[in-house]
file work_38.txt (compact mmCIF, C-alpha atoms)
# COMPACT_ATOMS: atom_id res chain seq x y z
CA MET A 1 -24.14 -10.61 7.32
CA ASN A 2 -20.63 -10.80 5.88
CA LYS A 3 -18.49 -7.68 6.15
CA THR A 4 -16.30 -7.09 3.11
CA GLY A 5 -12.72 -5.88 3.16
CA LEU A 6 -10.11 -4.77 0.66
CA VAL A 7 -6.51 -5.71 1.51
CA LEU A 8 -3.69 -3.89 -0.29
CA GLU A 9 -0.10 -5.11 -0.29
CA GLY A 10 2.75 -2.62 -0.67
CA GLY A 11 5.71 -2.88 -3.01
CA ALA A 12 6.74 0.67 -3.88
CA MET A 13 6.08 1.36 -7.57
CA ARG A 14 4.67 -2.13 -8.10
CA GLY A 15 1.72 -0.36 -6.51
CA MET A 16 0.83 0.99 -9.94
CA PHE A 17 -0.63 -2.47 -10.54
CA THR A 18 -2.84 -1.92 -7.49
CA CYS A 19 -3.87 1.49 -8.83
CA GLY A 20 -5.10 -0.13 -12.03
CA VAL A 21 -7.07 -2.69 -10.04
CA ILE A 22 -8.77 -0.23 -7.72
CA ASP A 23 -9.66 2.15 -10.55
CA VAL A 24 -11.55 -0.64 -12.32
CA LEU A 25 -13.30 -1.57 -9.08
CA MET A 26 -14.37 2.04 -8.49
CA GLU A 27 -15.48 2.45 -12.11
CA ASN A 28 -17.71 -0.60 -11.69
CA GLY A 29 -19.27 0.47 -8.41
CA ILE A 30 -17.53 -2.15 -6.24
CA ARG A 31 -17.62 -0.96 -2.64
CA PHE A 32 -16.23 -2.41 0.59
CA ASP A 33 -17.01 -1.99 4.26
CA ALA A 34 -13.32 -1.35 4.97
CA ALA A 35 -9.87 -1.38 3.44
CA ALA A 36 -6.39 -1.80 4.88
CA GLY A 37 -3.19 -0.79 3.14
CA ILE A 38 0.49 -1.21 3.82
CA SER A 39 3.14 1.11 2.38
CA ALA A 40 2.25 1.79 -1.28
CA GLY A 41 -1.07 0.08 -0.57
CA ALA A 42 -1.77 2.83 1.96
CA VAL A 43 -0.62 5.90 0.04
CA PHE A 44 -2.30 4.79 -3.21
CA GLY A 45 -5.25 2.96 -1.65
CA CYS A 46 -6.47 6.04 0.21
CA ASN A 47 -7.80 7.26 -3.15
CA TYR A 48 -10.44 4.53 -2.95
CA LYS A 49 -12.00 6.26 0.02
CA SER A 50 -11.71 9.68 -1.63
CA ARG A 51 -13.12 8.10 -4.84
CA GLN A 52 -10.45 9.71 -7.02
CA ILE A 53 -10.18 7.43 -10.02
CA GLY A 54 -6.86 7.86 -11.85
CA ARG A 55 -5.23 10.18 -9.33
CA PRO A 56 -2.17 8.13 -8.22
CA ILE A 57 -1.13 7.03 -11.72
CA ARG A 58 -1.60 10.62 -12.88
CA TYR A 59 0.64 12.29 -10.30
CA ASN A 60 3.23 9.51 -10.33
CA LYS A 61 3.67 9.83 -14.08
CA ALA A 62 3.75 13.62 -13.84
CA TYR A 63 6.36 13.86 -11.07
CA CYS A 64 8.38 10.62 -11.14
CA LYS A 65 11.35 12.46 -12.68
CA ASP A 66 11.05 15.50 -10.39
CA PRO A 67 13.93 15.55 -7.85
CA ARG A 68 11.57 17.02 -5.26
CA TYR A 69 9.49 13.85 -5.51
CA CYS A 70 12.20 11.21 -5.34
CA SER A 71 15.95 11.65 -5.61
CA ILE A 72 19.31 10.99 -4.01
CA ARG A 73 19.50 14.75 -3.54
CA SER A 74 16.40 14.60 -1.37
CA LEU A 75 17.87 11.68 0.60
CA ILE A 76 21.10 13.59 1.26
CA ARG A 77 19.38 16.85 2.16
CA THR A 78 16.44 15.58 4.17
CA GLY A 79 17.09 11.92 5.04
CA ASP A 80 14.11 10.88 2.89
CA LEU A 81 14.44 9.53 -0.63
CA TYR A 82 10.85 10.57 -1.27
CA GLY A 83 10.58 14.24 -0.36
CA ALA A 84 8.16 14.44 2.57
CA ASP A 85 7.05 18.02 2.01
CA PHE A 86 6.55 17.59 -1.73
CA CYS A 87 4.83 14.20 -1.55
CA TYR A 88 2.65 14.77 1.49
CA ARG A 89 1.90 18.49 1.30
CA GLU A 90 2.54 20.07 -2.10
CA ILE A 91 1.02 17.30 -4.21
CA PRO A 92 -2.10 16.63 -2.08
CA ASP A 93 -2.67 20.28 -1.18
CA VAL A 94 -1.74 22.09 -4.41
CA LEU A 95 -0.61 20.12 -7.46
CA ASP A 96 -3.12 17.25 -7.51
CA PRO A 97 -5.49 17.88 -4.60
CA PHE A 98 -6.59 15.03 -2.38
CA ASP A 99 -10.36 15.21 -1.87
CA ARG A 100 -10.46 15.30 1.90
CA GLU A 101 -14.16 16.11 2.04
CA THR A 102 -15.12 12.97 0.12
CA PHE A 103 -12.56 10.94 2.10
CA ARG A 104 -14.14 12.11 5.36
CA ASP A 105 -17.72 11.49 4.25
CA ASP A 106 -17.22 8.13 2.54
CA PRO A 107 -18.53 5.33 4.82
CA MET A 108 -15.69 2.88 4.10
CA ASP A 109 -13.25 2.54 7.01
CA PHE A 110 -9.62 2.86 5.97
CA TYR A 111 -6.68 1.52 7.99
CA VAL A 112 -2.95 1.90 7.47
CA GLY A 113 -0.21 -0.06 9.20
CA ALA A 114 3.25 1.13 10.23
CA THR A 115 6.03 -0.57 12.18
CA ASP A 116 6.86 0.74 15.66
CA VAL A 117 10.67 0.75 15.50
CA MET A 118 11.05 0.17 19.23
CA THR A 119 8.84 -2.94 19.37
CA GLY A 120 9.13 -4.22 15.79
CA GLU A 121 5.35 -4.66 15.72
CA CYS A 122 2.80 -3.32 13.26
CA VAL A 123 0.45 -0.65 14.61
CA TYR A 124 -2.76 0.18 12.74
CA HIS A 125 -4.34 3.59 12.48
CA LYS A 126 -7.89 4.25 11.30
CA CYS A 127 -7.83 7.25 8.99
CA THR A 128 -10.87 9.49 9.34
CA ASP A 129 -10.43 12.85 7.60
CA GLY A 130 -7.35 12.68 5.36
CA GLY A 131 -5.79 15.46 7.40
CA HIS A 132 -2.24 15.92 8.64
CA GLU A 133 -2.25 13.04 11.14
CA ASP A 134 -3.70 10.59 8.62
CA LEU A 135 -1.09 11.61 6.02
CA GLU A 136 1.69 11.19 8.57
CA TRP A 137 0.51 7.62 9.20
CA MET A 138 0.48 6.98 5.47
CA ARG A 139 3.97 8.45 5.18
CA ALA A 140 5.16 6.28 8.06
CA SER A 141 3.62 3.19 6.46
CA ALA A 142 5.59 3.89 3.27
CA SER A 143 8.89 4.96 4.88
CA MET A 144 11.32 2.32 3.67
CA PRO A 145 14.30 1.59 5.95
CA VAL A 146 17.54 3.34 4.94
CA ALA A 147 15.64 5.34 2.29
CA SER A 148 13.64 7.18 4.96
CA LYS A 149 13.90 8.57 8.45
CA PRO A 150 11.52 7.13 11.03
CA VAL A 151 8.34 9.21 11.26
CA GLY A 152 7.45 10.56 14.68
CA ILE A 153 3.78 10.31 15.66
CA GLY A 154 2.48 10.73 19.20
CA GLY A 155 5.93 10.38 20.73
CA LYS A 156 6.73 7.13 18.91
CA LEU A 157 8.76 6.37 15.79
CA TYR A 158 7.47 4.38 12.84
CA LEU A 159 8.78 2.90 9.60
CA ASP A 160 7.37 0.87 6.70
CA GLY A 161 4.50 -1.37 7.75
CA GLY A 162 5.78 -4.07 5.42
CA ILE A 163 8.61 -4.81 7.85
CA SER A 164 6.19 -6.36 10.32
CA ASP A 165 2.96 -7.10 8.40
CA SER A 166 3.36 -7.10 4.62
CA ILE A 167 -0.18 -8.15 3.71
CA PRO A 168 -2.76 -7.12 6.34
CA PHE A 169 -5.38 -9.81 5.77
CA ALA A 170 -5.10 -11.22 9.31
CA PHE A 171 -5.64 -7.74 10.74
CA MET A 172 -8.79 -7.40 8.67
CA GLU A 173 -10.07 -10.79 9.77
CA LYS A 174 -9.43 -9.95 13.43
CA THR A 175 -11.22 -6.63 12.96
CA GLY A 176 -14.32 -8.47 11.76
CA TYR A 177 -14.08 -8.45 7.97
CA ASP A 178 -14.60 -12.00 6.78
CA ARG A 179 -14.98 -11.60 3.00
CA ASN A 180 -11.71 -10.08 1.86
CA VAL A 181 -10.45 -9.17 -1.58
CA ILE A 182 -6.63 -9.22 -1.46
CA VAL A 183 -4.60 -7.32 -4.05
CA LEU A 184 -1.02 -8.59 -4.33
CA THR A 185 1.79 -7.00 -6.32
CA GLN A 186 3.87 -10.13 -6.95
CA PRO A 187 2.84 -12.97 -9.30
CA LYS A 188 1.87 -16.44 -8.11
CA GLY A 189 4.91 -18.48 -7.13
CA TYR A 190 6.97 -15.53 -5.91
CA VAL A 191 9.16 -16.39 -2.90
CA LYS A 192 10.77 -13.66 -0.82
CA HIS A 193 14.41 -14.20 0.14
CA LYS A 194 16.22 -13.21 3.31
CA THR A 195 17.17 -9.56 3.65
CA SER A 196 20.84 -8.66 3.50
CA ILE A 197 22.65 -8.46 6.83
CA LEU A 198 23.48 -4.88 5.84
CA MET A 199 19.90 -3.95 6.70
CA LYS A 200 20.42 -5.18 10.25
CA ILE A 201 23.47 -2.94 10.50
CA ALA A 202 21.54 0.01 9.08
CA LEU A 203 18.81 -0.49 11.70
CA ARG A 204 21.18 -1.11 14.61
CA LYS A 205 19.64 1.79 16.59
CA TYR A 206 16.36 -0.11 16.53
CA PRO A 207 17.13 -3.78 17.30
CA ALA A 208 13.48 -4.88 17.40
CA ALA A 209 12.82 -3.42 13.96
CA ALA A 210 16.08 -4.94 12.69
CA ALA A 211 15.05 -8.36 13.98
CA ALA A 212 11.66 -8.03 12.29
CA MET A 213 13.37 -7.06 9.04
CA MET A 214 15.66 -10.09 9.18
CA ARG A 215 12.73 -12.49 9.54
CA ARG A 216 10.49 -10.63 7.11
CA HIS A 217 10.93 -13.24 4.39
CA LEU A 218 9.61 -15.94 6.71
CA MET A 219 6.59 -13.82 7.63
CA TYR A 220 5.88 -12.90 4.01
CA ASN A 221 6.15 -16.44 2.63
CA ARG A 222 3.93 -17.74 5.44
CA GLN A 223 1.36 -15.04 4.66
CA ILE A 224 1.30 -16.08 1.00
CA GLU A 225 0.71 -19.71 2.02
CA GLU A 226 -2.16 -18.66 4.29
CA ILE A 227 -3.68 -16.45 1.60
CA GLU A 228 -3.55 -19.29 -0.94
CA GLN A 229 -5.27 -21.58 1.55
CA ARG A 230 -8.07 -19.05 1.93
CA GLU A 231 -8.25 -18.62 -1.82
CA GLN A 232 -8.66 -22.38 -2.31
CA LYS A 233 -11.39 -22.51 0.36
CA GLY A 234 -13.20 -19.60 -1.26
CA THR A 235 -13.01 -17.36 1.81
CA ALA A 236 -10.74 -14.79 0.13
CA PHE A 237 -10.54 -13.47 -3.42
CA VAL A 238 -7.03 -12.74 -4.69
CA ILE A 239 -6.04 -10.43 -7.53
CA ARG A 240 -2.39 -10.67 -8.49
CA PRO A 241 -0.31 -9.83 -11.58
CA ALA A 242 0.04 -12.60 -14.15
CA GLY A 243 3.81 -11.96 -14.26
CA PRO A 244 6.44 -9.58 -12.91
CA VAL A 245 5.14 -6.00 -12.91
CA GLY A 246 8.42 -4.67 -14.26
CA THR A 247 8.86 -1.51 -12.23
CA GLY A 248 11.77 -0.72 -9.94
CA ARG A 249 11.23 0.28 -6.34
CA ILE A 250 12.20 3.72 -7.61
CA GLU A 251 10.81 4.13 -11.10
CA LYS A 252 11.57 7.16 -13.27
CA ASP A 253 10.05 5.86 -16.50
CA PRO A 254 6.40 6.96 -16.94
CA ALA A 255 5.92 4.27 -19.61
CA LYS A 256 6.78 1.52 -17.11
CA LEU A 257 4.41 3.03 -14.57
CA GLU A 258 1.66 3.10 -17.18
CA ARG A 259 2.38 -0.50 -18.20
CA ALA A 260 2.09 -1.69 -14.58
CA TYR A 261 -1.14 0.28 -14.20
CA ARG A 262 -2.53 -1.29 -17.39
CA MET A 263 -1.62 -4.74 -16.08
CA GLY A 264 -3.75 -4.03 -13.01
CA ARG A 265 -6.67 -2.80 -15.09
CA GLU A 266 -6.59 -5.82 -17.39
CA GLU A 267 -6.41 -8.29 -14.51
CA ALA A 268 -9.27 -6.60 -12.65
CA LEU A 269 -11.47 -6.49 -15.74
CA ALA A 270 -10.82 -10.17 -16.44
CA ARG A 271 -11.70 -11.13 -12.87
CA LEU A 272 -14.69 -8.80 -12.48
CA PRO A 273 -17.46 -11.42 -13.01
CA ALA A 274 -15.85 -13.82 -10.52
CA LEU A 275 -15.33 -10.95 -8.06
CA ARG A 276 -18.98 -9.94 -8.25
CA GLU A 277 -19.95 -13.56 -7.56
CA PHE A 278 -17.59 -13.70 -4.57
CA LEU A 279 -19.04 -10.49 -3.12
CA GLY A 280 -22.61 -11.49 -3.94
CA THR A 281 -23.20 -8.43 -6.10
CA GLU A 282 -24.04 -10.11 -9.42

call {"tool": "encode", "arguments": {"input": "work_38.txt", "output": "structure tokens"}}
result
Amino acid sequence: MNKTGLVLEGGAMRGMFTCGVIDVLMENGIRFDAAAGISAGAVFGCNYKSRQIGRPIRYNKAYCKDPRYCSIRSLIRTGDLYGADFCYREIPDVLDPFDRETFRDDPMDFYVGATDVMTGECVYHKCTDGGHEDLEWMRASASMPVASKPVGIGGKLYLDGGISDSIPFAFMEKTGYDRNVIVLTQPKGYVKHKTSILMKIALRKYPAAAAAMMRRHLMYNRQIEEIEQREQKGTAFVIRPAGPVGTGRIEKDPAKLERAYRMGREEALARLPALREFLGTE
């Protein structure tokens, strides 16, 4: 029997497209055996397992202009552009509670990937209860170089999983999920270009992570080629935006966030019959 997986690319606030997609899938009762998210795909995708339709677009629109959420002030004061305490404690615990009970009880496995800065390799963590350790892995997965400090977990330091594995479809295949739905946040034809040498300088304390960052474009473009091959063979189902999503990596305009979210909803609704056929749930 085929095991189904949901693969979620990152992309900072392009992830609002992903939020629109997954809300439509949840609203239509589409379930998966497992999901894997990188960066924004992790911190927004976790709401699939907690079954909280509309939560990430709601809190992003509500707090995108709040300096506690994301600001240069936060970067200067704490070393993190996105305020760690506000984003990973106050919002999920108080302001827009994360349903940890549902997350824990939902049968879908949920994995997040983060880059070990000393090896430059992606490490995957299976989230089980949505507690502090799981949230730290999600934070690590979304901790962009320069804009974030490395996150310490279990005596090791981690940064953005997209440095070393931008789209975790191969991880899912190796883990045994052979019918994967892959949600991308760039349109068809997008080609990633080489990272500025300044990033290598910024990561000089972590040469393995710096080397991974400098070859990231090669990894990403190869992944896209491999995904398109699977798509043509019918072994993977890809949902991607029809055009540029139109959000910045740091987006302070709620209207742009809403527009990206609506793009995701529209694309998912249009593809829903084909998706059901792919998953065998017609």

call {"tool": "closest_residue", "arguments": {"input": "work_38.txt", "among": "A:Glu133, A:Asp178, A:Asp93, A:Asp160", "to": "A:Leu6", "atoms": "only C-alpha atoms"}}
result
A:Asp178

call {"tool": "axis_aligned_box", "arguments": {"input": "work_38.txt", "around": "stretch 59-69 of chain A", "padding_each_side": "6 Å", "output": "JSON"}}
result
{"center_x": 7.3, "center_y": 13.3, "center_z": -9.7, "size_x": 25.3, "size_y": 19.5, "size_z": 20.8}

call {"tool": "residues_around", "arguments": {"input": "work_38.txt", "residues": "A:Ala274", "least_positions_apart": "4", "cutoff": "12 Å", "atoms": "all atoms listed in the file", "output": "list in words"}}
result
Val181, Gly234, Ala236, Phe237, Val238, Ile239, Glu267, Ala268, Leu269, Ala270, Phe278, Leu279, Gly280, Thr281 and Glu282 of chain A

call {"tool": "write_last_selection", "arguments": {"input": "work_38.txt", "atoms": "C-alpha atoms", "output": "compact mmCIF listing (two decimals), in the frame of the given file"}}
result
# COMPACT_ATOMS: atom_id res chain seq x y z
CA VAL A 181 -10.45 -9.17 -1.58
CA GLY A 234 -13.20 -19.60 -1.26
CA ALA A 236 -10.74 -14.79 0.13
CA PHE A 237 -10.54 -13.47 -3.42
CA VAL A 238 -7.03 -12.74 -4.69
CA ILE A 239 -6.04 -10.43 -7.53
CA GLU A 267 -6.41 -8.29 -14.51
CA ALA A 268 -9.27 -6.60 -12.65
CA LEU A 269 -11.47 -6.49 -15.74
CA ALA A 270 -10.82 -10.17 -16.44
CA PHE A 278 -17.59 -13.70 -4.57
CA LEU A 279 -19.04 -10.49 -3.12
CA GLY A 280 -22.61 -11.49 -3.94
CA THR A 281 -23.20 -8.43 -6.10
CA GLU A 282 -24.04 -10.11 -9.42

call {"tool": "residues_around", "arguments": {"input": "work_38.txt", "residues": "A:Gly176", "least_positions_apart": "4", "cutoff": "10 Å", "atoms": "all atoms listed in the file", "output": "list in words"}}
result
Asn2, Lys3, Thr4, Gly5, Ala34, Ala170, Phe171 and Met172 of chain A

call {"tool": "residues_around", "arguments": {"input": "work_38.txt", "residues": "stretch 103-118 of chain A", "least_positions_apart": "3", "cutoff": "7 Å", "atoms": "only C-alpha atoms", "output": "MDAnalysis selection string"}}
result
chainID A and resid 32:38 42 49:50 99:100 121:130 137:138 140:141 157:161 163:164 206 208:209

call {"tool": "atom_distance", "arguments": {"input": "work_38.txt", "atom1": "atom CA of A:Pro56", "atom2": "atom CA of A:Met16"}}
result
7.9 Å

call {"tool": "closest_atom_pairs", "arguments": {"input": "work_38.txt", "of": "stretch 54-88 of chain A", "to": "stretch 247-260 of chain A", "cutoff": "6 Å", "atoms": "all atoms listed in the file", "output": "tab-separated table"}}
result
residue	atom	partner	partner_atom	distance
A:Lys61	CA	A:Pro254	CA	4.9
A:Cys64	CA	A:Lys252	CA	5.2
A:Lys65	CA	A:Lys252	CA	5.3

call {"tool": "atom_distance", "arguments": {"input": "work_38.txt", "atom1": "atom CA of A:Val146", "atom2": "atom CA of A:Val7"}}
result
25.9 Å

call {"tool": "atom_distance", "arguments": {"input": "work_38.txt", "atom1": "atom CA of A:Ser71", "atom2": "atom CA of A:Gly120"}}
result
27.5 Å

call {"tool": "closest_residue", "arguments": {"input": "work_38.txt", "among": "A:Arg204, A:Arg276, A:Lys233, A:Lys188", "to": "A:Gly29", "atoms": "only C-alpha atoms"}}
result
A:Arg276

call {"tool": "closest_residue", "arguments": {"input": "work_38.txt", "among": "A:Pro207, A:Glu277, A:Asp165, A:Gly264", "to": "A:Leu25", "atoms": "all atoms listed in the file"}}
result
A:Gly264

call {"tool": "decode", "arguments": {"input": "work_38.txt", "residues": "stretch 46-76 of chain A", "atoms": "N, CA and C atoms", "output": "PDB file, in the first residue's frame"}}
result
ATOM      1  N   CYS A  46       3.081  22.998  10.437  1.00  0.00           N
ATOM      2  CA  CYS A  46       2.724  22.287  11.675  1.00  0.00           C
ATOM      3  C   CYS A  46       1.235  22.407  11.971  1.00  0.00           C
ATOM      4  N   ASN A  47       0.589  23.459  11.445  1.00  0.00           N
ATOM      5  CA  ASN A  47      -0.840  23.649  11.677  1.00  0.00           C
ATOM      6  C   ASN A  47      -1.687  22.602  10.956  1.00  0.00           C
ATOM      7  N   TYR A  48      -1.091  21.874  10.022  1.00  0.00           N
ATOM      8  CA  TYR A  48      -1.808  20.762   9.387  1.00  0.00           C
ATOM      9  C   TYR A  48      -2.045  19.661  10.410  1.00  0.00           C
ATOM     10  N   LYS A  49      -1.013  19.379  11.181  1.00  0.00           N
ATOM     11  CA  LYS A  49      -1.120  18.322  12.188  1.00  0.00           C
ATOM     12  C   LYS A  49      -1.997  18.742  13.367  1.00  0.00           C
ATOM     13  N   SER A  50      -2.012  20.036  13.667  1.00  0.00           N
ATOM     14  CA  SER A  50      -2.900  20.515  14.740  1.00  0.00           C
ATOM     15  C   SER A  50      -4.292  20.865  14.202  1.00  0.00           C
ATOM     16  N   ARG A  51      -4.461  20.737  12.884  1.00  0.00           N
ATOM     17  CA  ARG A  51      -5.753  20.919  12.204  1.00  0.00           C
ATOM     18  C   ARG A  51      -6.339  22.316  12.446  1.00  0.00           C
ATOM     19  N   GLN A  52      -5.479  23.319  12.444  1.00  0.00           N
ATOM     20  CA  GLN A  52      -5.924  24.685  12.719  1.00  0.00           C
ATOM     21  C   GLN A  52      -6.016  25.494  11.427  1.00  0.00           C
ATOM     22  N   ILE A  53      -7.125  25.320  10.738  1.00  0.00           N
ATOM     23  CA  ILE A  53      -7.360  26.021   9.486  1.00  0.00           C
ATOM     24  C   ILE A  53      -7.354  27.535   9.737  1.00  0.00           C
ATOM     25  N   GLY A  54      -6.582  28.260   8.928  1.00  0.00           N
ATOM     26  CA  GLY A  54      -6.574  29.718   8.995  1.00  0.00           C
ATOM     27  C   GLY A  54      -5.657  30.330  10.032  1.00  0.00           C
ATOM     28  N   ARG A  55      -5.029  29.528  10.864  1.00  0.00           N
ATOM     29  CA  ARG A  55      -4.234  30.100  11.955  1.00  0.00           C
ATOM     30  C   ARG A  55      -3.026  30.890  11.471  1.00  0.00           C
ATOM     31  N   PRO A  56      -2.156  30.369  10.603  1.00  0.00           N
ATOM     32  CA  PRO A  56      -0.949  31.140  10.248  1.00  0.00           C
ATOM     33  C   PRO A  56      -1.223  32.424   9.477  1.00  0.00           C
ATOM     34  N   ILE A  57      -2.209  32.422   8.577  1.00  0.00           N
ATOM     35  CA  ILE A  57      -2.506  33.684   7.887  1.00  0.00           C
ATOM     36  C   ILE A  57      -3.093  34.678   8.879  1.00  0.00           C
ATOM     37  N   ARG A  58      -3.859  34.189   9.835  1.00  0.00           N
ATOM     38  CA  ARG A  58      -4.476  35.068  10.832  1.00  0.00           C
ATOM     39  C   ARG A  58      -3.431  35.779  11.683  1.00  0.00           C
ATOM     40  N   TYR A  59      -2.494  35.022  12.271  1.00  0.00           N
ATOM     41  CA  TYR A  59      -1.542  35.683  13.166  1.00  0.00           C
ATOM     42  C   TYR A  59      -0.484  36.465  12.398  1.00  0.00           C
ATOM     43  N   ASN A  60      -0.174  36.043  11.175  1.00  0.00           N
ATOM     44  CA  ASN A  60       0.787  36.835  10.393  1.00  0.00           C
ATOM     45  C   ASN A  60       0.211  38.192  10.010  1.00  0.00           C
ATOM     46  N   LYS A  61      -1.048  38.217   9.618  1.00  0.00           N
ATOM     47  CA  LYS A  61      -1.678  39.500   9.297  1.00  0.00           C
ATOM     48  C   LYS A  61      -1.820  40.369  10.547  1.00  0.00           C
ATOM     49  N   ALA A  62      -2.107  39.752  11.669  1.00  0.00           N
ATOM     50  CA  ALA A  62      -2.324  40.510  12.898  1.00  0.00           C
ATOM     51  C   ALA A  62      -1.040  41.132  13.433  1.00  0.00           C
ATOM     52  N   TYR A  63       0.092  40.442  13.279  1.00  0.00           N
ATOM     53  CA  TYR A  63       1.319  40.874  13.953  1.00  0.00           C
ATOM     54  C   TYR A  63       2.476  41.229  13.020  1.00  0.00           C
ATOM     55  N   CYS A  64       2.243  41.241  11.704  1.00  0.00           N
ATOM     56  CA  CYS A  64       3.353  41.494  10.778  1.00  0.00           C
ATOM     57  C   CYS A  64       3.980  42.865  10.981  1.00  0.00           C
ATOM     58  N   LYS A  65       3.235  43.834  11.502  1.00  0.00           N
ATOM     59  CA  LYS A  65       3.784  45.169  11.733  1.00  0.00           C
ATOM     60  C   LYS A  65       4.288  45.362  13.161  1.00  0.00           C
ATOM     61  N   ASP A  66       4.109  44.366  13.999  1.00  0.00           N
ATOM     62  CA  ASP A  66       4.520  44.454  15.407  1.00  0.00           C
ATOM     63  C   ASP A  66       6.036  44.275  15.511  1.00  0.00           C
ATOM     64  N   PRO A  67       6.759  45.242  16.090  1.00  0.00           N
ATOM     65  CA  PRO A  67       8.219  45.108  16.182  1.00  0.00           C
ATOM     66  C   PRO A  67       8.672  43.921  17.024  1.00  0.00           C
ATOM     67  N   ARG A  68       7.811  43.406  17.867  1.00  0.00           N
ATOM     68  CA  ARG A  68       8.170  42.216  18.650  1.00  0.00           C
ATOM     69  C   ARG A  68       8.202  40.977  17.753  1.00  0.00           C
ATOM     70  N   TYR A  69       7.436  41.029  16.675  1.00  0.00           N
ATOM     71  CA  TYR A  69       7.355  39.893  15.760  1.00  0.00           C
ATOM     72  C   TYR A  69       8.552  39.865  14.813  1.00  0.00           C
ATOM     73  N   CYS A  70       8.783  40.981  14.157  1.00  0.00           N
ATOM     74  CA  CYS A  70       9.881  41.058  13.189  1.00  0.00           C
ATOM     75  C   CYS A  70      10.308  42.499  13.039  1.00  0.00           C
ATOM     76  N   SER A  71      11.590  42.772  13.340  1.00  0.00           N
ATOM     77  CA  SER A  71      12.066  44.153  13.238  1.00  0.00           C
ATOM     78  C   SER A  71      13.582  44.201  13.344  1.00  0.00           C
ATOM     79  N   ILE A  72      14.140  45.276  12.819  1.00  0.00           N
ATOM     80  CA  ILE A  72      15.573  45.518  12.981  1.00  0.00           C
ATOM     81  C   ILE A  72      15.893  45.710  14.460  1.00  0.00           C
ATOM     82  N   ARG A  73      14.970  46.307  15.182  1.00  0.00           N
ATOM     83  CA  ARG A  73      15.163  46.467  16.631  1.00  0.00           C
ATOM     84  C   ARG A  73      15.368  45.120  17.313  1.00  0.00           C
ATOM     85  N   SER A  74      14.549  44.151  16.928  1.00  0.00           N
ATOM     86  CA  SER A  74      14.702  42.809  17.494  1.00  0.00           C
ATOM     87  C   SER A  74      16.048  42.205  17.116  1.00  0.00           C
ATOM     88  N   LEU A  75      16.465  42.412  15.857  1.00  0.00           N
ATOM     89  CA  LEU A  75      17.760  41.890  15.408  1.00  0.00           C
ATOM     90  C   LEU A  75      18.895  42.485  16.219  1.00  0.00           C
ATOM     91  N   ILE A  76      18.855  43.791  16.452  1.00  0.00           N
ATOM     92  CA  ILE A  76      19.919  44.465  17.201  1.00  0.00           C
ATOM     93  C   ILE A  76      19.927  44.016  18.655  1.00  0.00           C
TER      94      ILE A  76
END
